[in-house]
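Undergrad: So that you have it, the file is structure.cif, and it contains mmCIF, C-alpha atoms:
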data_run
#
loop_
_atom_site.label_atom_id
_atom_site.label_comp_id
_atom_site.auth_asym_id
_atom_site.auth_seq_id
_atom_site.Cartn_x
_atom_site.Cartn_y
_atom_site.Cartn_z
CA MET A 1 312.26 131.77 -88.09
CA SER A 2 314.72 130.82 -85.36
CA ILE A 3 317.61 132.39 -83.47
CA THR A 4 321.18 131.27 -84.20
CA GLN A 5 324.49 132.10 -82.54
CA SER A 6 325.14 134.71 -85.25
CA ASP A 7 322.12 136.70 -83.98
CA ILE A 8 323.65 137.02 -80.49
CA LEU A 9 325.39 140.34 -79.92
CA TYR A 10 326.18 139.86 -76.23
CA GLU A 11 325.53 137.14 -73.67
CA ASP A 12 326.37 136.38 -70.06
CA ASN A 13 324.56 134.81 -67.11
CA HIS A 14 322.31 137.85 -66.61
CA LEU A 15 321.83 139.42 -70.07
CA ILE A 16 321.44 138.49 -73.71
CA ALA A 17 321.33 140.98 -76.58
CA ILE A 18 319.88 140.02 -79.97
CA ASN A 19 320.19 141.52 -83.44
CA LYS A 20 316.48 141.82 -84.24
CA LYS A 21 315.50 141.49 -87.89
CA PRO A 22 312.83 143.71 -89.44
CA GLY A 23 309.46 141.96 -89.20
CA GLN A 24 310.17 140.19 -85.91
CA ILE A 25 307.95 141.09 -82.96
CA VAL A 26 309.60 141.35 -79.55
CA GLN A 27 306.53 140.29 -77.57
CA GLY A 28 303.40 138.40 -78.61
CA ASP A 29 300.53 140.32 -80.23
CA LYS A 30 297.18 139.62 -81.88
CA THR A 31 298.86 138.28 -85.05
CA GLY A 32 299.79 135.12 -83.19
CA ASP A 33 303.28 135.14 -84.76
CA LYS A 34 305.96 133.63 -82.54
CA PRO A 35 307.70 136.56 -80.83
CA LEU A 36 311.42 137.12 -80.43
CA VAL A 37 311.26 136.51 -76.68
CA GLU A 38 310.04 132.95 -77.30
CA LEU A 39 312.64 132.34 -80.04
CA VAL A 40 315.39 133.42 -77.66
CA LYS A 41 314.01 131.15 -74.91
CA ASP A 42 314.13 128.26 -77.40
CA PHE A 43 317.72 129.14 -78.29
CA ILE A 44 318.82 129.21 -74.63
CA LYS A 45 316.95 125.98 -73.84
CA ILE A 46 318.70 124.11 -76.67
CA LYS A 47 322.16 125.70 -76.20
CA TYR A 48 322.34 124.92 -72.49
CA ASN A 49 320.12 121.83 -72.51
CA LYS A 50 317.84 123.44 -69.93
CA PRO A 51 314.88 121.45 -68.60
CA GLY A 52 311.60 123.24 -67.96
CA ASP A 53 310.81 126.88 -68.64
CA VAL A 54 313.52 129.41 -69.46
CA TYR A 55 313.27 132.81 -67.74
CA LEU A 56 313.59 135.85 -69.99
CA GLY A 57 312.57 139.38 -69.03
CA ILE A 58 311.74 142.20 -71.47
CA PRO A 59 313.02 145.62 -70.30
CA HIS A 60 312.39 147.40 -73.64
CA ARG A 61 311.00 146.80 -77.13
CA LEU A 62 311.46 147.71 -80.79
CA ASP A 63 308.63 148.18 -83.27
CA ARG A 64 308.03 145.27 -85.63
CA PRO A 65 309.40 146.93 -88.82
CA VAL A 66 312.53 148.21 -87.02
CA SER A 67 315.87 146.35 -86.88
CA GLY A 68 318.69 146.39 -84.37
CA VAL A 69 319.75 145.57 -80.84
CA VAL A 70 317.23 144.28 -78.30
CA LEU A 71 318.34 143.57 -74.74
CA PHE A 72 316.75 140.82 -72.62
CA ALA A 73 317.29 139.90 -68.97
CA ARG A 74 318.13 136.30 -68.13
CA THR A 75 317.52 136.77 -64.39
CA SER A 76 314.84 138.56 -62.38
CA LYS A 77 317.57 140.54 -60.58
CA ALA A 78 318.85 141.88 -63.91
CA LEU A 79 315.31 142.70 -65.11
CA THR A 80 314.46 144.68 -61.98
CA ARG A 81 317.66 146.70 -62.27
CA LEU A 82 317.35 147.24 -66.02
CA ASN A 83 313.77 148.47 -65.62
CA LYS A 84 315.02 150.98 -63.06
CA MET A 85 317.88 152.05 -65.36
CA PHE A 86 315.52 152.61 -68.31
CA LYS A 87 313.18 154.61 -66.07
CA GLU A 88 316.05 156.73 -64.78
CA LYS A 89 317.44 157.14 -68.33
CA THR A 90 320.89 155.77 -67.51
CA ILE A 91 320.77 153.45 -70.54
CA HIS A 92 321.75 155.27 -73.72
CA LYS A 93 320.39 154.24 -77.12
CA SER A 94 321.11 155.64 -80.56
CA TYR A 95 319.47 154.85 -83.88
CA TRP A 96 320.07 155.36 -87.58
CA ALA A 97 317.14 156.62 -89.64
CA VAL A 98 316.94 157.21 -93.40
CA VAL A 99 314.66 160.05 -94.53
CA LYS A 100 313.91 161.48 -97.97
CA ASN A 101 313.44 165.14 -97.05
CA VAL A 102 316.22 167.30 -95.67
CA PRO A 103 315.63 168.14 -91.99
CA PRO A 104 315.23 171.80 -91.03
CA HIS A 105 318.67 171.83 -89.35
CA GLU A 106 321.94 169.88 -89.55
CA SER A 107 321.30 168.87 -85.95
CA ASP A 108 318.56 169.69 -83.47
CA THR A 109 316.77 168.64 -80.31
CA LEU A 110 313.08 167.95 -80.92
CA ILE A 111 310.52 168.31 -78.14
CA HIS A 112 306.92 167.35 -78.85
CA TYR A 113 303.93 166.05 -76.95
CA LEU A 114 302.88 162.61 -78.12
CA LYS A 115 299.33 161.39 -77.86
CA ARG A 116 298.77 157.70 -78.52
CA ASN A 117 295.76 156.37 -80.43
CA THR A 118 295.49 152.72 -79.45
CA GLU A 119 292.83 151.91 -82.08
CA LYS A 120 295.13 153.07 -84.89
CA ASN A 121 298.29 151.93 -83.06
CA LYS A 122 299.76 155.32 -83.83
CA SER A 123 301.14 158.29 -81.91
CA PHE A 124 300.48 161.89 -82.93
CA ALA A 125 303.07 164.58 -82.21
CA HIS A 126 301.90 168.01 -81.08
CA ASP A 127 303.84 171.21 -80.49
CA LYS A 128 301.93 171.98 -77.31
CA GLU A 129 300.83 169.83 -74.41
CA MET A 130 297.50 168.08 -74.99
CA PRO A 131 295.21 166.11 -72.66
CA ASP A 132 296.74 162.64 -72.07
CA SER A 133 299.89 163.54 -74.03
CA LYS A 134 303.45 162.74 -72.93
CA GLN A 135 306.52 164.86 -73.53
CA ALA A 136 308.91 163.32 -76.05
CA GLU A 137 312.47 164.47 -76.64
CA LEU A 138 315.16 163.34 -79.06
CA TYR A 139 318.34 164.67 -80.63
CA TYR A 140 319.21 164.12 -84.29
CA ARG A 141 322.08 165.01 -86.58
CA ILE A 142 322.69 164.40 -90.28
CA ILE A 143 325.65 162.04 -90.63
CA ASN A 144 325.50 161.19 -94.34
CA THR A 145 323.67 162.01 -97.55
CA SER A 146 323.02 160.26 -100.86
CA GLN A 147 321.44 161.50 -104.07
CA ASN A 148 317.92 161.09 -102.69
CA TYR A 149 318.18 160.39 -98.95
CA PHE A 150 319.62 161.61 -95.67
CA LEU A 151 321.04 159.40 -92.93
CA LEU A 152 320.32 160.65 -89.42
CA GLU A 153 321.75 159.57 -86.11
CA VAL A 154 319.00 159.80 -83.50
CA VAL A 155 319.54 159.74 -79.75
CA LEU A 156 316.46 159.19 -77.59
CA LYS A 157 316.05 161.26 -74.44
CA THR A 158 312.64 159.71 -73.67
CA GLY A 159 311.11 156.39 -74.70
CA ARG A 160 307.61 156.87 -76.08
CA HIS A 161 305.41 154.77 -78.37
CA HIS A 162 306.61 155.20 -81.99
CA GLN A 163 308.54 158.27 -80.81
CA ILE A 164 311.20 158.57 -83.53
CA ARG A 165 308.71 157.78 -86.28
CA ALA A 166 306.17 160.34 -85.05
CA GLN A 167 308.64 163.13 -84.28
CA LEU A 168 310.55 162.89 -87.57
CA SER A 169 307.25 162.79 -89.45
CA LYS A 170 306.14 165.92 -87.57
CA ILE A 171 309.13 167.90 -88.95
CA GLY A 172 308.40 166.69 -92.50
CA CYS A 173 310.92 163.84 -92.53
CA PRO A 174 309.06 160.51 -92.43
CA ILE A 175 311.32 157.46 -92.38
CA LYS A 176 311.79 155.57 -95.65
CA GLY A 177 309.13 152.87 -95.98
CA ASP A 178 307.02 154.13 -93.07
CA LEU A 179 303.57 154.45 -94.66
CA LYS A 180 301.92 154.84 -91.25
CA TYR A 181 303.83 158.07 -90.64
CA GLY A 182 303.63 159.64 -94.06
CA PHE A 183 306.25 158.08 -96.35
CA ASP A 184 304.82 157.71 -99.86
CA ARG A 185 305.53 153.99 -100.38
CA SER A 186 306.39 150.93 -98.35
CA ASN A 187 309.58 148.89 -98.53
CA PRO A 188 309.11 145.56 -100.36
CA ASP A 189 309.78 143.52 -97.20
CA GLY A 190 307.57 145.64 -94.95
CA SER A 191 310.54 147.05 -93.04
CA ILE A 192 311.25 150.71 -92.40
CA HIS A 193 314.71 152.29 -92.52
CA LEU A 194 315.03 152.72 -88.76
CA HIS A 195 317.77 150.76 -87.00
CA ALA A 196 318.66 150.54 -83.30
CA ARG A 197 322.42 150.65 -83.75
CA ASN A 198 323.88 151.27 -80.31
CA ILE A 199 323.06 150.66 -76.67
CA SER A 200 325.42 151.48 -73.80
CA PHE A 201 324.99 151.07 -70.05
CA ILE A 202 326.60 149.94 -66.82
CA HIS A 203 326.01 146.22 -66.35
CA PRO A 204 323.24 145.84 -63.74
CA VAL A 205 325.10 143.09 -61.84
CA SER A 206 328.84 143.28 -62.62
CA SER A 207 328.94 147.11 -62.95
CA GLU A 208 331.22 146.92 -66.01
CA GLU A 209 330.69 149.32 -68.92
CA ILE A 210 328.86 147.65 -71.80
CA GLU A 211 328.49 149.03 -75.33
CA ILE A 212 326.77 147.02 -78.05
CA ILE A 213 326.89 148.19 -81.67
CA VAL A 214 325.27 146.43 -84.60
CA GLU A 215 325.30 147.37 -88.28
CA PRO A 216 322.02 147.66 -90.23
CA PRO A 217 320.67 144.78 -92.33
CA LYS A 218 322.02 144.04 -95.80
CA ASP A 219 320.12 146.36 -98.12
CA VAL A 220 321.09 148.55 -101.10
CA LEU A 221 320.51 151.84 -99.29
CA TRP A 222 321.93 150.79 -95.93
CA ASP A 223 324.98 149.38 -97.73
CA LEU A 224 325.47 152.63 -99.67
CA PHE A 225 325.51 154.70 -96.50
CA ARG A 226 327.67 152.22 -94.61
CA LYS A 227 330.36 152.22 -97.32
CA SER A 228 330.58 156.00 -97.46
CA LEU A 229 330.84 156.64 -93.72
#
In structure tokens, how does this file's structure come out?

TA:
Amino acid sequence: MSITQSDILYEDNHLIAINKKPGQIVQGDKTGDKPLVELVKDFIKIKYNKPGDVYLGIPHRLDRPVSGVVLFARTSKALTRLNKMFKEKTIHKSYWAVVKNVPPHESDTLIHYLKRNTEKNKSFAHDKEMPDSKQAELYYRIINTSQNYFLLEVVLKTGRHHQIRAQLSKIGCPIKGDLKYGFDRSNPDGSIHLHARNISFIHPVSSEEIEIIVEPPKDVLWDLFRKSL
């Protein structure tokens, strides 16, 4: 799998944003599969005929089965500033999630306490604070429905491990295909119906307003929702 120009959502001297496909890993893991960060380095090296190593910083990540926009830093200055912006929550991200069960409300803010189990690579959402737990907050609203599914827009207020997956599962709405968090069957390609659709921020170097929007992958259910919006 390689990166082509069609995968590039935004690029300048300091930043590059990629449309991540489900199944791609952002950073290397124990599987040994070539991660997205290395594929993007290869792309930059070839496109600009760069000798030696290509610098690419990782200010945030997406889970392997999730699709959508991933932002990388092409300079250390941009990475330092992006890390600060993510920490201070001045970068805004929204997602689309497809769930089978109707949420308790048309829209709501969810606050849970997430406790990560590294052995299971899973986070558990609790209603009350637990030892070693971290507060997790998100906002969701129903933006479309089909015969069997509901399309939610999700806006993250915090950035925790598997946060959207764990919190939606906690309210009885596991994401389609997400066996780990309680959906009854997997998607054939191993993806889940969670898509990082939008990221907006002030450029860390030029200070211009940037908004990057990407549509979900081609898929019967995604296509159904997209056509009816």

Undergrad: Mind pulling up the distance from atom CA of A:Val26 to atom CA of A:Gln135?

TA: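 One can read the atom CA of A:Gln135 to atom CA of A:Val26 distance as 24.5 Å.
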
Undergrad: For A:Ser191, which residue among A:Leu36, A:Ile91, A:Ala136, A:Ile25 is the nearest when counting all atoms listed in the file?

TA: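 Of A:Leu36, A:Ile91, A:Ala136, A:Ile25, the one nearest A:Ser191, counting all atoms listed in the file, is A:Ile25.
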
Undergrad: Might you spell out which residues the PyMOL selection byres ((chain A and resi 72) around 9) would select in the displayed file, as a PDB file with C-alpha atoms, keeping the file's coordinate frame?

TA:
ATOM      1  CA  HIS A  14     322.310 137.850 -66.610  1.00  0.00           C
ATOM      2  CA  LEU A  15     321.830 139.420 -70.070  1.00  0.00           C
ATOM      3  CA  ILE A  16     321.440 138.490 -73.710  1.00  0.00           C
ATOM      4  CA  ALA A  17     321.330 140.980 -76.580  1.00  0.00           C
ATOM      5  CA  ILE A  18     319.880 140.020 -79.970  1.00  0.00           C
ATOM      6  CA  VAL A  37     311.260 136.510 -76.680  1.00  0.00           C
ATOM      7  CA  LEU A  56     313.590 135.850 -69.990  1.00  0.00           C
ATOM      8  CA  GLY A  57     312.570 139.380 -69.030  1.00  0.00           C
ATOM      9  CA  ILE A  58     311.740 142.200 -71.470  1.00  0.00           C
ATOM     10  CA  PRO A  59     313.020 145.620 -70.300  1.00  0.00           C
ATOM     11  CA  HIS A  60     312.390 147.400 -73.640  1.00  0.00           C
ATOM     12  CA  VAL A  70     317.230 144.280 -78.300  1.00  0.00           C
ATOM     13  CA  LEU A  71     318.340 143.570 -74.740  1.00  0.00           C
ATOM     14  CA  ALA A  73     317.290 139.900 -68.970  1.00  0.00           C
ATOM     15  CA  ARG A  74     318.130 136.300 -68.130  1.00  0.00           C
ATOM     16  CA  LEU A  79     315.310 142.700 -65.110  1.00  0.00           C
TER      17      LEU A  79
END

Undergrad: Please indicate the distance in Å from atom CA of A:Arg64 to atom CA of A:Lys157, rounded to one decimal place.

TA: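 Atom-to-atom, atom CA of A:Arg64 and atom CA of A:Lys157 are spaced 21.1 Å apart.
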
Undergrad: Choose the residue, out of A:Asn187, A:Asn101, A:Ser200, A:Ser228, that has the smallest atom-to-atom separation from A:Pro174; count only C-alpha atoms.

TA: A:Asn101

Undergrad: Looking at A:Lys50, A:Arg61, A:Arg160, A:Lys120, which one is nearest to A:Gln27, with distances taken over only C-alpha atoms?

TA: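 Among the listed residues, the smallest separation from A:Gln27 belongs to A:Arg61.
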
Undergrad: Name the residues, using the chain letters and numbers of the file, that sit within 12 Å of (318.3, 160.7, -106.3) when counting all atoms listed in the file, and give them as a list of chain:residue names.

TA: A:Lys100, A:Asn101, A:Thr145, A:Ser146, A:Gln147, A:Asn148, A:Tyr149, A:Phe150, A:Leu221

Undergrad: Under the PyMOL selection byres ((chain A and resi 65) around 10), which residues of this model are included? Write them out as a PDB file with C-alpha atoms, in the coordinates of the input.

TA:
ATOM      1  CA  LYS A  20     316.480 141.820 -84.240  1.00  0.00           C
ATOM      2  CA  LYS A  21     315.500 141.490 -87.890  1.00  0.00           C
ATOM      3  CA  PRO A  22     312.830 143.710 -89.440  1.00  0.00           C
ATOM      4  CA  GLY A  23     309.460 141.960 -89.200  1.00  0.00           C
ATOM      5  CA  GLN A  24     310.170 140.190 -85.910  1.00  0.00           C
ATOM      6  CA  ILE A  25     307.950 141.090 -82.960  1.00  0.00           C
ATOM      7  CA  LEU A  62     311.460 147.710 -80.790  1.00  0.00           C
ATOM      8  CA  ASP A  63     308.630 148.180 -83.270  1.00  0.00           C
ATOM      9  CA  ARG A  64     308.030 145.270 -85.630  1.00  0.00           C
ATOM     10  CA  VAL A  66     312.530 148.210 -87.020  1.00  0.00           C
ATOM     11  CA  SER A  67     315.870 146.350 -86.880  1.00  0.00           C
ATOM     12  CA  GLY A 177     309.130 152.870 -95.980  1.00  0.00           C
ATOM     13  CA  ASP A 178     307.020 154.130 -93.070  1.00  0.00           C
ATOM     14  CA  ASN A 187     309.580 148.890 -98.530  1.00  0.00           C
ATOM     15  CA  ASP A 189     309.780 143.520 -97.200  1.00  0.00           C
ATOM     16  CA  GLY A 190     307.570 145.640 -94.950  1.00  0.00           C
ATOM     17  CA  SER A 191     310.540 147.050 -93.040  1.00  0.00           C
ATOM     18  CA  ILE A 192     311.250 150.710 -92.400  1.00  0.00           C
ATOM     19  CA  HIS A 193     314.710 152.290 -92.520  1.00  0.00           C
ATOM     20  CA  LEU A 194     315.030 152.720 -88.760  1.00  0.00           C
ATOM     21  CA  HIS A 195     317.770 150.760 -87.000  1.00  0.00           C
TER      22      HIS A 195
END

Undergrad: Suppose you want the space between atom CA of A:Gly68 and atom CA of A:Glu11; what is it in Å?

TA: 15.7 Å

Undergrad: Which residue gives the smallest distance to A:Ile199 among A:Ser186, A:Ser169, A:Thr90, A:Thr75, with all atoms listed in the file counted?

TA: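 The answer is A:Thr90, which sits nearest to A:Ile199.
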
Undergrad: Find the residues near A:Asn144: any atom within 12 Å, counting only C-alpha atoms, skip ones fewer than 3 places away on the same chain, and give them as a ChimeraX atom specification.

TA: /A:96-99,102,106,141,147-153,221-222,224-229

Undergrad: Identify all residues satisfying the PyMOL selection byres ((chain A and resi 115) around 8) in the given file; provide them as a PyMOL selection string.

TA: chain A and resi 113-114+116-117+123-126+130+132-134
